[in-house]
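Worksheet: the structure to be examined is printed underneath.
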Amino acid sequence: MRVVSGIQPTGNLHLGNYLGAIRNWVRMQDELSEGSECLFFLADMHAISMPHDPAELRRGTIEMAAALIACGIDPTRSILFNQAQVPQHAELQWLLTGTARMGWLNRMTQWKDKAGKNREGASVALFAYPVLQAADVLLYQATHVPVGEDQKQHLELARDIAQKFNNDFASEEKPVFTLPDPFIPPAAARIMSLRDGSAKMSKSDPSEMSRINLIDDADTIMKKVKKAKTDPDPLPDNVEALEGRPEALNLVTIYCALTESAPEAVLAEQAGKGFGAFKPLLGEVLVETLAPISSRFRALLDDREAIDAALARGAALARERAAPTLSATYEALGLVRG
């Protein structure tokens, strides 16, 4: 079993990122059987498909690497790297563009959403980046790819590209690419804004009070939780009664995710209490969970050499694993390489 997954190097991670994806990565790393491996990469090459600030991209890549290690990704047990240090990603993308079809890419929901009405003004990279996503996983003969709802379509495209390439240039007995299967992690908590329970917690929200950042200190976390938007009603004794109370549901969801408790059990225990009593409990759990992560993160940011070394080590291992697939792809296409 070989698991491959990537994340945009946006920097400034918040609680939603941790509970939504990163914690599941750590679990996958810790639970894989002997002989299996995880490859986790920072998708810095994907980042240039949209307008970006080079200095911000560089900073975000280092911060994301530090955050992943602080959250529990172990570079000695998983292969952690950034795409830019493994040029085989871009190389394979180009080789696969002969197999990918315009019609397939035109149907990609994220292309439609991000390009909007200005498709003529969008970059070629934005249109073609699902082919790079396919290369990201096919390059390593990934057997499983963790996917959320928003990425299922892109994994289906990767499988379509792999299948067509195998049909066109290989044999059934000796395919070039493994068709990766989706890996559906345990249901990830959907964490919403502390200021608006109907909107996801996001780095792009202008209000710092809307999110818990992984680098927030204990005082800041407690302040944000105490000022989080709620309603005047006490907590009910069942989940159904939280319908129509998005802010209340969000705080209960966060508490349940951090303590790994069932909502029914938490509400049975907290029923009848107001948020004046519940918020301090939530704040304490947040501080207890995030304090060691924040401490480790800050220490790593002060040791740039350690981060650079971890990424370089991971990239070397990734290049080693990528080489056979890339060679087989060139060979199958009839390209002469000397």
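In the structure tokens, chains take the letters A, B, ... in the order shown, each chain's residues start at 1, and ligands count up from 1 in the order shown.
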Next item on the list: Extract the full set of alpha helix (DSSP H) residues from range 12-261 of chain A according to DSSP on the backbone, and format it as a ChimeraX atom specification.
Entry: /A:15-17,23-31,44-47,54-71,88-96,102-106,109-115,124-138,152-169,218-226,246-259
Next item on the list: Within 10 Å of Gln110 in chain A, counting only C-alpha atoms, which residues show up once you throw out same-chain ones fewer than 3 positions away? Write them as an MDAnalysis selection string, please.
Entry: chainID A and resid 105:107 113:116 126:127 130 150:151 153:154
Residues of range 46-131 of chain A within 9 Å of range 16-32 of chain A: nearest atom pair and distance (Å, one decimal) for each, counting only C-alpha atoms, sorted by chain and number, as CSV?
residue,atom,partner,partner_atom,distance
A:Leu68,CA,A:Ile22,CA,7.2
A:Cys71,CA,A:Ile22,CA,7.3
A:Gly72,CA,A:Val26,CA,5.8
A:Ile73,CA,A:Val26,CA,5.6
A:Asp74,CA,A:Gln29,CA,8.2
A:Arg77,CA,A:Gln29,CA,7.4
A:Ser78,CA,A:Gln29,CA,6.7
Report as a tab-separated table the residues of range 227-309 of chain A within 6 Å of range 192-204 of chain A, each with its shortest atom pair and distance in Å (one decimal), using only C-alpha atoms, ordered by chain and increasing residue number.
residue	atom	partner	partner_atom	distance
A:Ala228	CA	A:Leu194	CA	5.0
A:Lys229	CA	A:Arg195	CA	5.3
A:Pro246	CA	A:Gly197	CA	4.6
A:Glu247	CA	A:Gly197	CA	4.4
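One finds CA of Phe275 in chain A at 8.3 Å from CA of Asp231 in chain A.
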Ala265 in chain A environment, 12 Å, only C-alpha atoms, sequence neighbours closer than 6 positions dropped, as a PDB file with N, CA, C and O atoms, in the first residue's frame:
ATOM      1  N   PRO A 236     -28.619  21.803  24.356  1.00  0.00           N
ATOM      2  CA  PRO A 236     -29.688  20.808  24.486  1.00  0.00           C
ATOM      3  C   PRO A 236     -29.107  19.446  24.856  1.00  0.00           C
ATOM      4  O   PRO A 236     -27.892  19.298  24.998  1.00  0.00           O
ATOM      5  N   ASP A 237     -29.988  18.448  24.972  1.00  0.00           N
ATOM      6  CA  ASP A 237     -29.504  17.110  25.325  1.00  0.00           C
ATOM      7  C   ASP A 237     -29.456  16.181  24.124  1.00  0.00           C
ATOM      8  O   ASP A 237     -29.208  14.988  24.258  1.00  0.00           O
ATOM      9  N   ASN A 238     -29.688  16.729  22.888  1.00  0.00           N
ATOM     10  CA  ASN A 238     -29.608  15.889  21.700  1.00  0.00           C
ATOM     11  C   ASN A 238     -29.154  16.725  20.497  1.00  0.00           C
ATOM     12  O   ASN A 238     -29.338  17.948  20.464  1.00  0.00           O
ATOM     13  N   VAL A 239     -28.561  16.062  19.533  1.00  0.00           N
ATOM     14  CA  VAL A 239     -27.974  16.743  18.377  1.00  0.00           C
ATOM     15  C   VAL A 239     -29.033  17.412  17.518  1.00  0.00           C
ATOM     16  O   VAL A 239     -28.826  18.508  16.987  1.00  0.00           O
ATOM     17  N   VAL A 252     -19.697  22.761  19.567  1.00  0.00           N
ATOM     18  CA  VAL A 252     -19.836  21.375  20.019  1.00  0.00           C
ATOM     19  C   VAL A 252     -19.018  20.456  19.110  1.00  0.00           C
ATOM     20  O   VAL A 252     -18.347  19.526  19.581  1.00  0.00           O
ATOM     21  N   TYR A 255     -15.337  20.700  20.000  1.00  0.00           N
ATOM     22  CA  TYR A 255     -15.076  20.005  21.263  1.00  0.00           C
ATOM     23  C   TYR A 255     -15.046  18.486  21.038  1.00  0.00           C
ATOM     24  O   TYR A 255     -14.151  17.782  21.534  1.00  0.00           O
ATOM     25  N   CYS A 256     -16.027  17.987  20.278  1.00  0.00           N
ATOM     26  CA  CYS A 256     -16.110  16.543  20.024  1.00  0.00           C
ATOM     27  C   CYS A 256     -14.899  16.058  19.227  1.00  0.00           C
ATOM     28  O   CYS A 256     -14.349  14.987  19.499  1.00  0.00           O
ATOM     29  N   THR A 259     -11.746  16.015  21.542  1.00  0.00           N
ATOM     30  CA  THR A 259     -11.793  15.000  22.599  1.00  0.00           C
ATOM     31  C   THR A 259     -12.130  13.615  22.051  1.00  0.00           C
ATOM     32  O   THR A 259     -12.138  12.644  22.809  1.00  0.00           O
ATOM     33  N   ALA A 271     -25.817  19.186  28.822  1.00  0.00           N
ATOM     34  CA  ALA A 271     -27.185  19.677  28.623  1.00  0.00           C
ATOM     35  C   ALA A 271     -27.598  20.655  29.718  1.00  0.00           C
ATOM     36  O   ALA A 271     -27.353  20.427  30.912  1.00  0.00           O
TER      37      ALA A 271
END
Next item on the list: Compare A:Ala90, A:Leu282, A:Ala268, A:Leu13 by their minimum atom-to-atom distance to Ile254 in chain A, counting only C-alpha atoms, and give me the closest one.
Entry: A:Leu282
Note to self: List as a ChimeraX atom specification the protein and nucleic acid residues near Pro234 in chain A, meaning an atom at most 7 Å away when only C-alpha atoms are counted, but skip any in the same chain fewer than 3 places from it.
What the structure shows: /A:272-275
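The closest residue to Thr143 in chain A, picked from A:Ala189, A:Ile48, A:Leu155, A:Ile221 and counting only C-alpha atoms, is A:Leu155.
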Checklist line | Point-to-point distance in Å for CA of Gln133 in chain A and CA of Met45 in chain A | finding: 10.2 Å
Note to self: Based on the backbone DSSP call, show me all residues of range 87-319 of chain A assigned strand (DSSP E), as number ranges by chain.
What the structure shows: A: 144-146, 181-183
Selection from above, all heavy atoms, as a short mmCIF file (atom, residue, chain, number, x, y, z; two decimals), in the first residue's frame, can you write it?
data_model
loop_
_atom_site.label_atom_id
_atom_site.label_comp_id
_atom_site.auth_asym_id
_atom_site.auth_seq_id
_atom_site.Cartn_x
_atom_site.Cartn_y
_atom_site.Cartn_z
N HIS A 144 -3.39 4.25 -3.09
CA HIS A 144 -4.50 4.94 -2.42
C HIS A 144 -4.21 6.43 -2.30
O HIS A 144 -3.06 6.83 -2.04
CB HIS A 144 -4.73 4.37 -1.01
CG HIS A 144 -5.20 2.94 -1.02
ND1 HIS A 144 -4.34 1.88 -1.17
CD2 HIS A 144 -6.46 2.42 -0.93
CE1 HIS A 144 -5.04 0.75 -1.16
NE2 HIS A 144 -6.32 1.05 -1.02
N VAL A 145 -5.24 7.22 -2.51
CA VAL A 145 -5.13 8.67 -2.41
C VAL A 145 -6.26 9.17 -1.50
O VAL A 145 -7.43 8.96 -1.80
CB VAL A 145 -5.24 9.35 -3.79
CG1 VAL A 145 -5.17 10.86 -3.65
CG2 VAL A 145 -4.16 8.84 -4.72
N PRO A 146 -5.92 9.81 -0.38
CA PRO A 146 -6.97 10.37 0.48
C PRO A 146 -7.72 11.47 -0.27
O PRO A 146 -7.09 12.37 -0.84
CB PRO A 146 -6.20 10.96 1.67
CG PRO A 146 -4.84 10.32 1.61
CD PRO A 146 -4.58 10.05 0.16
N ASP A 181 -6.80 3.96 -5.95
CA ASP A 181 -8.14 3.92 -5.35
C ASP A 181 -8.29 5.08 -4.36
O ASP A 181 -7.31 5.49 -3.73
CB ASP A 181 -8.36 2.61 -4.59
CG ASP A 181 -8.52 1.42 -5.54
OD1 ASP A 181 -9.15 1.60 -6.59
OD2 ASP A 181 -8.02 0.33 -5.21
N PRO A 182 -9.51 5.58 -4.22
CA PRO A 182 -9.72 6.64 -3.21
C PRO A 182 -9.62 6.05 -1.82
O PRO A 182 -10.06 4.92 -1.58
CB PRO A 182 -11.14 7.12 -3.51
CG PRO A 182 -11.81 5.97 -4.18
CD PRO A 182 -10.74 5.26 -4.96
N PHE A 183 -8.99 6.78 -0.94
CA PHE A 183 -8.94 6.41 0.48
C PHE A 183 -9.80 7.42 1.22
O PHE A 183 -9.48 8.60 1.24
CB PHE A 183 -7.50 6.43 0.99
CG PHE A 183 -7.37 6.11 2.45
CD1 PHE A 183 -7.38 4.80 2.90
CD2 PHE A 183 -7.26 7.12 3.40
CE1 PHE A 183 -7.27 4.50 4.25
CE2 PHE A 183 -7.16 6.83 4.76
CZ PHE A 183 -7.16 5.52 5.17
#
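Remark: for Val124 in chain A, the closest of the candidate residues A:Phe81, A:Met50, A:Ile62, A:His89 is A:Met50 (distances computed over only C-alpha atoms).
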Near Gln85 in chain A, counting only C-alpha atoms, which residues have an atom at most 9 Å away, once you skip same-chain residues fewer than 3 positions from it, shown as a CSV table (one decimal) with C-alpha atoms, in the first residue's frame?
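Saved the output as part.csv:
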chain,number,residue,atom,x,y,z
A,81,PHE,CA,8.9,16.9,0.3
A,82,ASN,CA,7.9,19.8,-1.9
A,88,GLN,CA,9.7,14.4,-12.3
A,311,LEU,CA,12.6,18.4,2.7
A,312,ALA,CA,15.8,17.6,0.9
A,315,ALA,CA,12.8,14.8,-2.1
A,316,ALA,CA,15.8,12.5,-2.6
A,319,ARG,CA,13.1,11.1,-6.9
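Computed from the coordinates, the CA of Pro232 in chain A to CA of Ser261 in chain A distance equals 24.3 Å.
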Checklist line | Arg159 in chain A environment, 9 Å, only C-alpha atoms, sequence neighbours closer than 2 positions dropped, as a PyMOL selection string | finding: chain A and resi 134+138+154-157+161-164+178-181
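Omitting range 35-38 of chain A and its sequence neighbours fewer than 2 positions away, and counting only C-alpha atoms, the residues within 7 Å are Met1, Arg2, Val3, Val4, Gln29, Leu32, Ser33, Phe40, Ser78 and Ile79 of chain A.
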